[in-house]
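> You'll find start16.cif just under this line, and it carries mmCIF, C-alpha atoms.
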```cif
data_my_file
#
loop_
_atom_site.label_atom_id
_atom_site.label_comp_id
_atom_site.auth_asym_id
_atom_site.auth_seq_id
_atom_site.Cartn_x
_atom_site.Cartn_y
_atom_site.Cartn_z
CA MET A 1 -74.31 62.23 15.86
CA THR A 2 -73.27 59.19 17.90
CA GLY A 3 -73.35 55.84 16.11
CA PRO A 4 -74.49 52.49 17.50
CA ASN A 5 -72.31 50.57 19.91
CA TYR A 6 -70.96 47.08 19.21
CA ASP A 7 -73.43 45.15 21.37
CA SER A 8 -76.52 46.90 20.00
CA LEU A 9 -75.43 46.48 16.37
CA ARG A 10 -74.44 42.83 16.86
CA ALA A 11 -78.12 42.05 17.52
CA GLN A 12 -79.29 43.65 14.26
CA PRO A 13 -79.94 42.00 10.85
CA ILE A 14 -77.41 42.38 8.06
CA GLU A 15 -79.37 45.17 6.35
CA ALA A 16 -79.20 47.34 9.47
CA ILE A 17 -75.54 46.53 10.04
CA ARG A 18 -74.59 47.45 6.47
CA GLY A 19 -76.61 50.64 6.61
CA GLN A 20 -74.73 51.83 9.68
CA ILE A 21 -71.36 50.93 8.15
CA ARG A 22 -72.19 52.44 4.76
CA SER A 23 -73.18 55.73 6.38
CA ASN A 24 -69.89 55.79 8.36
CA ARG A 25 -71.76 55.61 11.67
CA TYR A 26 -70.00 52.41 12.80
CA GLN A 27 -66.24 51.82 12.45
CA GLY A 28 -65.61 49.08 15.00
CA GLN A 29 -64.94 45.35 14.87
CA THR A 30 -67.37 42.91 13.24
CA ALA A 31 -66.79 39.63 15.13
CA GLY A 32 -70.16 38.06 15.88
CA PHE A 33 -72.10 40.17 13.37
CA ALA A 34 -74.77 38.46 11.21
CA PRO A 35 -74.22 34.90 12.49
CA GLY A 36 -74.39 32.43 9.62
CA ASN A 37 -73.17 34.95 7.04
CA LEU A 38 -69.76 34.94 5.39
CA GLN A 39 -67.35 37.62 6.53
CA ALA A 40 -64.42 38.54 4.30
CA ASN A 41 -61.03 40.22 4.32
CA LEU A 42 -60.19 42.77 1.64
CA ALA A 43 -57.29 43.68 -0.61
CA ILE A 44 -57.52 46.21 -3.46
CA LEU A 45 -54.75 46.62 -6.04
CA GLY A 46 -54.29 48.35 -9.35
CA ASP A 47 -52.66 47.48 -12.67
CA GLY A 48 -49.27 45.80 -12.48
CA TYR A 49 -50.08 44.01 -9.24
CA ALA A 50 -53.63 42.62 -9.39
CA ASP A 51 -52.90 39.64 -11.66
CA ASP A 52 -49.90 38.43 -9.63
CA PHE A 53 -51.85 38.85 -6.41
CA HIS A 54 -54.72 36.81 -7.86
CA GLU A 55 -52.29 33.97 -8.62
CA PHE A 56 -50.65 34.34 -5.20
CA CYS A 57 -54.02 33.81 -3.51
CA LYS A 58 -54.81 30.74 -5.59
CA ILE A 59 -51.47 29.13 -4.69
CA ASN A 60 -51.62 30.11 -1.00
CA ALA A 61 -55.28 29.29 -0.52
CA GLN A 62 -55.30 28.52 3.21
CA PRO A 63 -54.32 32.03 4.38
CA CYS A 64 -55.80 33.68 1.26
CA PRO A 65 -59.03 31.82 0.32
CA LEU A 66 -60.65 33.82 -2.46
CA VAL A 67 -64.42 34.17 -2.12
CA GLY A 68 -64.91 37.03 -4.57
CA VAL A 69 -63.00 39.09 -7.15
CA SER A 70 -64.41 42.27 -8.66
CA ARG A 71 -64.30 43.27 -12.30
CA ARG A 72 -61.50 45.73 -12.97
CA GLY A 73 -62.71 49.22 -12.14
CA ASP A 74 -66.08 48.05 -10.80
CA PRO A 75 -66.59 48.59 -7.04
CA ARG A 76 -69.76 46.51 -6.94
CA MET A 77 -69.35 42.92 -5.77
CA GLU A 78 -72.73 41.39 -6.57
CA MET A 79 -71.39 37.86 -6.12
CA LEU A 80 -71.35 38.65 -2.39
CA GLY A 81 -74.62 40.59 -2.23
CA ASP A 82 -75.58 44.25 -2.15
CA ILE A 83 -71.95 45.31 -1.80
CA ASP A 84 -70.19 48.53 -2.69
CA ILE A 85 -66.59 47.81 -1.73
CA ARG A 86 -65.86 51.55 -1.38
CA THR A 87 -68.21 52.05 1.57
CA ASP A 88 -69.23 48.72 3.11
CA ILE A 89 -66.31 48.00 5.44
CA PRO A 90 -66.12 49.82 8.80
CA SER A 91 -62.49 50.89 8.36
CA TYR A 92 -59.91 50.64 5.56
CA ASN A 93 -56.12 50.72 5.81
CA ILE A 94 -54.34 52.69 3.08
CA TYR A 95 -50.82 51.58 2.16
CA ARG A 96 -48.52 53.59 -0.09
CA ASN A 97 -45.23 52.06 -1.24
CA GLY A 98 -45.49 49.48 1.52
CA GLY A 99 -46.11 51.86 4.39
CA LEU A 100 -49.36 52.42 6.27
CA ASP A 101 -50.67 55.87 5.35
CA GLY A 102 -53.68 55.90 7.65
CA SER A 103 -57.15 54.42 8.10
CA VAL A 104 -60.41 55.79 6.70
CA PRO A 105 -64.11 54.75 6.83
CA ASP A 106 -64.74 55.31 3.08
CA ILE A 107 -62.53 54.98 -0.02
CA SER A 108 -64.84 56.51 -2.65
CA ASP A 109 -62.31 59.25 -3.39
CA LEU A 110 -59.47 56.73 -3.76
CA TRP A 111 -61.14 54.26 -6.14
CA THR A 112 -59.78 54.29 -9.71
CA ASP A 113 -60.71 52.55 -12.95
CA ASP A 114 -57.74 50.14 -12.82
CA MET A 115 -58.48 48.75 -9.35
CA VAL A 116 -59.50 45.16 -8.57
CA ALA A 117 -61.00 44.17 -5.21
CA PHE A 118 -60.26 40.76 -3.72
CA ALA A 119 -62.48 39.36 -0.95
CA LEU A 120 -60.89 36.59 1.07
CA GLY A 121 -62.55 34.25 3.53
CA CYS A 122 -62.29 35.16 7.22
CA SER A 123 -62.15 33.05 10.36
CA PHE A 124 -64.96 35.17 11.85
CA THR A 125 -67.17 33.06 9.57
CA PHE A 126 -66.62 29.82 11.51
CA GLU A 127 -66.89 31.36 14.98
CA GLY A 128 -70.65 30.85 15.00
CA ALA A 129 -70.13 27.15 14.36
CA LEU A 130 -67.57 26.95 17.16
CA ALA A 131 -70.00 28.67 19.53
CA ALA A 132 -72.82 26.34 18.44
CA ALA A 133 -70.53 23.40 19.29
CA GLY A 134 -70.15 24.75 22.82
CA ILE A 135 -66.78 26.49 22.45
CA ARG A 136 -66.79 29.97 23.93
CA MET A 137 -65.57 32.82 21.73
CA LYS A 138 -64.15 34.91 24.54
CA HIS A 139 -63.03 37.84 22.40
CA ILE A 140 -66.64 38.32 21.28
CA GLU A 141 -67.90 38.11 24.87
CA GLN A 142 -65.31 40.72 25.87
CA ASN A 143 -65.65 42.93 22.77
CA ARG A 144 -61.97 42.45 21.96
CA THR A 145 -60.41 42.18 18.52
CA VAL A 146 -58.97 38.70 18.05
CA PRO A 147 -55.13 38.69 18.37
CA MET A 148 -53.11 38.18 15.18
CA TYR A 149 -49.41 37.38 14.82
CA ARG A 150 -46.71 37.20 12.17
CA THR A 151 -45.17 33.73 11.89
CA ASN A 152 -42.20 31.93 10.34
CA ILE A 153 -44.52 29.85 8.10
CA ALA A 154 -43.26 30.64 4.59
CA LEU A 155 -45.67 31.20 1.70
CA THR A 156 -45.16 30.31 -1.97
CA PRO A 157 -44.00 33.50 -3.75
CA VAL A 158 -45.61 34.86 -6.94
CA GLY A 159 -44.13 37.90 -8.66
CA PRO A 160 -43.54 40.61 -6.05
CA PHE A 161 -45.60 38.80 -3.40
CA SER A 162 -43.85 36.68 -0.76
CA GLY A 163 -43.38 36.46 2.98
CA GLY A 164 -44.79 34.70 6.00
CA MET A 165 -48.27 33.66 7.08
CA VAL A 166 -50.23 35.67 9.63
CA VAL A 167 -52.33 33.70 12.13
CA SER A 168 -55.21 34.52 14.42
CA MET A 169 -55.31 32.91 17.85
CA ARG A 170 -58.15 31.85 20.13
CA PRO A 171 -57.77 30.32 23.61
CA ILE A 172 -59.53 26.95 23.54
CA PRO A 173 -60.05 24.63 26.54
CA ARG A 174 -57.67 21.69 26.26
CA ASP A 175 -60.48 19.15 26.14
CA GLN A 176 -62.13 21.02 23.21
CA VAL A 177 -59.13 21.44 20.91
CA ASP A 178 -59.97 18.34 18.86
CA LEU A 179 -63.56 19.54 18.55
CA ALA A 180 -62.36 22.96 17.34
CA ILE A 181 -60.20 21.27 14.72
CA ALA A 182 -63.09 19.10 13.53
CA VAL A 183 -65.55 22.01 13.33
CA THR A 184 -63.28 24.40 11.43
CA SER A 185 -62.03 21.73 9.02
CA ASP A 186 -65.44 22.10 7.38
CA TYR A 187 -64.67 25.73 6.41
CA PRO A 188 -61.89 25.72 3.78
CA HIS A 189 -63.30 28.99 2.40
CA ALA A 190 -62.60 30.55 5.83
CA HIS A 191 -59.07 29.18 6.44
CA GLY A 192 -60.14 25.69 7.52
CA ALA A 193 -58.47 23.76 10.33
CA PRO A 194 -55.85 25.36 12.60
CA VAL A 195 -52.26 25.45 11.40
CA HIS A 196 -50.92 24.95 14.94
CA SER A 197 -51.91 24.56 18.59
CA GLY A 198 -49.82 24.82 21.72
CA ASP A 199 -46.49 26.59 22.10
CA GLY A 200 -46.43 29.44 19.59
CA ALA A 201 -42.62 29.49 19.45
CA ALA A 202 -42.77 26.58 17.00
CA ILE A 203 -44.27 28.95 14.41
CA GLY A 204 -42.34 32.05 15.43
CA VAL A 205 -44.88 33.50 17.89
CA HIS A 206 -42.86 34.17 21.04
CA ASP A 207 -45.09 36.52 23.05
CA LEU A 208 -48.83 35.89 23.08
CA ASP A 209 -49.36 39.07 25.09
CA SER A 210 -47.98 41.24 22.26
CA PRO A 211 -49.98 40.55 19.08
CA ASP A 212 -49.00 42.30 15.87
CA TRP A 213 -52.67 43.18 15.31
CA GLY A 214 -55.72 42.98 17.54
CA GLU A 215 -55.76 42.76 21.32
CA LYS A 216 -54.25 40.50 23.95
CA ALA A 217 -56.36 37.41 24.67
CA LEU A 218 -57.42 36.43 28.17
CA PHE A 219 -56.75 32.79 29.08
CA ASP A 220 -58.44 30.51 31.58
CA PRO A 221 -56.13 28.04 33.38
CA ASP A 222 -56.83 25.06 31.11
CA ASP A 223 -56.84 26.98 27.81
CA VAL A 224 -54.51 26.16 24.93
CA PRO A 225 -53.56 28.72 22.24
CA VAL A 226 -54.93 27.56 18.87
CA PHE A 227 -53.76 29.29 15.69
CA TRP A 228 -55.61 29.61 12.38
CA ALA A 229 -54.33 31.02 9.09
CA CYS A 230 -55.49 34.63 8.87
CA GLY A 231 -56.64 36.92 6.09
CA VAL A 232 -54.37 39.68 7.38
CA THR A 233 -51.63 37.70 5.61
CA PRO A 234 -52.01 39.85 2.45
CA GLN A 235 -51.30 42.99 4.49
CA ASN A 236 -48.05 41.38 5.60
CA VAL A 237 -46.93 40.47 2.07
CA LEU A 238 -48.14 43.73 0.53
CA THR A 239 -45.78 45.72 2.71
CA GLU A 240 -42.93 43.75 1.09
CA ALA A 241 -44.28 44.12 -2.47
CA ARG A 242 -44.56 47.91 -2.00
CA PRO A 243 -47.22 48.77 -4.62
CA PRO A 244 -47.82 52.51 -5.10
CA ILE A 245 -51.19 52.10 -3.39
CA CYS A 246 -52.99 49.18 -1.79
CA ILE A 247 -56.18 49.26 0.24
CA THR A 248 -57.14 46.61 2.80
CA HIS A 249 -59.61 46.25 5.65
CA THR A 250 -58.41 47.41 9.06
CA PRO A 251 -57.78 44.17 11.00
CA GLY A 252 -60.94 43.04 12.77
CA ARG A 253 -63.15 45.31 10.63
CA MET A 254 -64.44 42.93 7.98
CA LEU A 255 -66.78 42.89 5.00
CA VAL A 256 -70.01 41.28 6.22
CA THR A 257 -71.58 39.72 3.12
CA ASP A 258 -75.08 38.54 2.20
CA ILE A 259 -73.76 35.04 1.45
CA THR A 260 -74.55 32.35 3.99
CA GLU A 261 -71.98 29.89 5.24
CA ASP A 262 -73.83 27.07 3.47
CA GLU A 263 -73.73 28.97 0.17
CA ALA A 264 -70.03 29.64 0.64
CA LYS A 265 -69.36 25.95 1.34
CA ALA A 266 -71.25 24.97 -1.82
CA ARG A 267 -69.26 27.43 -3.91
CA ALA A 268 -65.97 26.17 -2.47
CA ALA A 269 -66.91 22.59 -3.31
CA ALA A 270 -68.00 23.41 -6.87
#
```
Would you give me this structure, written as structure tokens?

Amino acid sequence: MTGPNYDSLRAQPIEAIRGQIRSNRYQGQTAGFAPGNLQANLAILGDGYADDFHEFCKINAQPCPLVGVSRRGDPRMEMLGDIDIRTDIPSYNIYRNGGLDGSVPDISDLWTDDMVAFALGCSFTFEGALAAAGIRMKHIEQNRTVPMYRTNIALTPVGPFSGGMVVSMRPIPRDQVDLAIAVTSDYPHAHGAPVHSGDGAAIGVHDLDSPDWGEKALFDPDDVPVFWACGVTPQNVLTEARPPICITHTPGRMLVTDITEDEAKARAAA
């Protein structure tokens, strides 16, 4: 049975979107889904790693802004809505001892009683606000996964977790860069303002056409590359920590929550 395509599902309410994801009928990207709702990155770890990772996220809050943490062994994340973290993401990456061991649409058979799920704010959340301000989100228009890059921006280490920040990049017209900065500064729970704009070499990004995750962006003549901290950062540091098993979202395939952006802002300010 063929599942829905990206454009048809993007027009649906959150209940319909989650139903298609939960039934494994949609495994694609989620940019532009449920405008106004918080989208989140995912990391799942077991005993011996979860506590240090929790502290790592609190100290490195810009790339790893925590928006929800499950109870140990409980896959439900009611603080984010009607969420079962085992089924409600289109695609999961499975890492074993630091290496990618494949991607799956459901992790019910991998969940164990010692696991903790961490939901981290995602820049997909502020894209609706950028679009409302008149800034085109070209990757959404083109059904492309936003490009993501490793950088030389060092993070504060905690226990086994250390490494460099990952950034997402969007081409922004030169005369709208300041507007993009102002709009996204209002979303600290979704990485906030950009960490850099202009020549990517200054942060260790030397080839915009070869992202580490996602797809190459298409630039108009007056566009400037603008870089935001990215929730794929945990996947970068987890490969160095080498836990026996770690589960994350597949880049671009996010957890679409029931929490609105306004609710998320209020929680972040509390």
> Ranking A:Ala202, A:Leu130, A:Ile89, A:Ile94 by minimum distance to Gly19 of chain A and counting all atoms listed in the file, which one comes first?
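Closest residue, counting all atoms listed in the file: A:Ile89.
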> Identify, on the basis of only C-alpha atoms, every residue whose closest approach to Phe33 of chain A does not exceed 8 Å; exclude the query and any residue fewer than 4 positions from it along the same chain; express the result as a VMD selection string.
chain A and resid 9 to 11 14 17 256
> Write out as a list in words which residues come within 9 Å of Asp222 of chain A when counting all atoms listed in the file, dropping same-chain ones fewer than 4 positions away.
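Close residues of Asp222 of chain A: Ile172, Pro173, Arg174 and Asp175 of chain A.
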> Between A:Ala40, A:Gly68, A:Thr248, A:Gly32, single out the one closest to Arg267 of chain A, counting all atoms listed in the file.
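Using all atoms listed in the file, Arg267 of chain A sits closest to A:Gly68.
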> Between A:Ser162, A:Asn236, A:Thr112, A:Gln29, which has the minimum distance to Arg72 of chain A (counting all atoms listed in the file)?
A:Thr112
> Point out the residue among A:Asp74, A:Gly48, A:Pro90, A:Asp113 with the least atom-to-atom distance to Gly3 of chain A, counting only C-alpha atoms.
A:Pro90
> Hey, what comes out of the PyMOL selection byres ((chain A and resi 88) around 6) on this file? Could you write it as a ChimeraX atom specification?
/A:21-22,84-85,87,89
> Could you check how far atom CA of Pro63 of chain A sits from atom CA of Tyr26 of chain A, in Å to one decimal?
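According to the coordinates, atom CA of Pro63 of chain A and atom CA of Tyr26 of chain A are separated by 27.1 Å.
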> Written as JSON, numbers by chain, what is the full residue list that the PyMOL selection byres ((chain A and resi 261) around 9) yields on the file shown?
{"A": [36, 37, 38, 125, 126, 187, 259, 260, 262, 263, 264, 265, 266]}
> Could you work out how far atom CA of Asp178 of chain A lies from atom CA of Val226 of chain A, giving the answer in Å with one decimal?
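Atom-to-atom, atom CA of Val226 of chain A and atom CA of Asp178 of chain A are spaced 10.5 Å apart.
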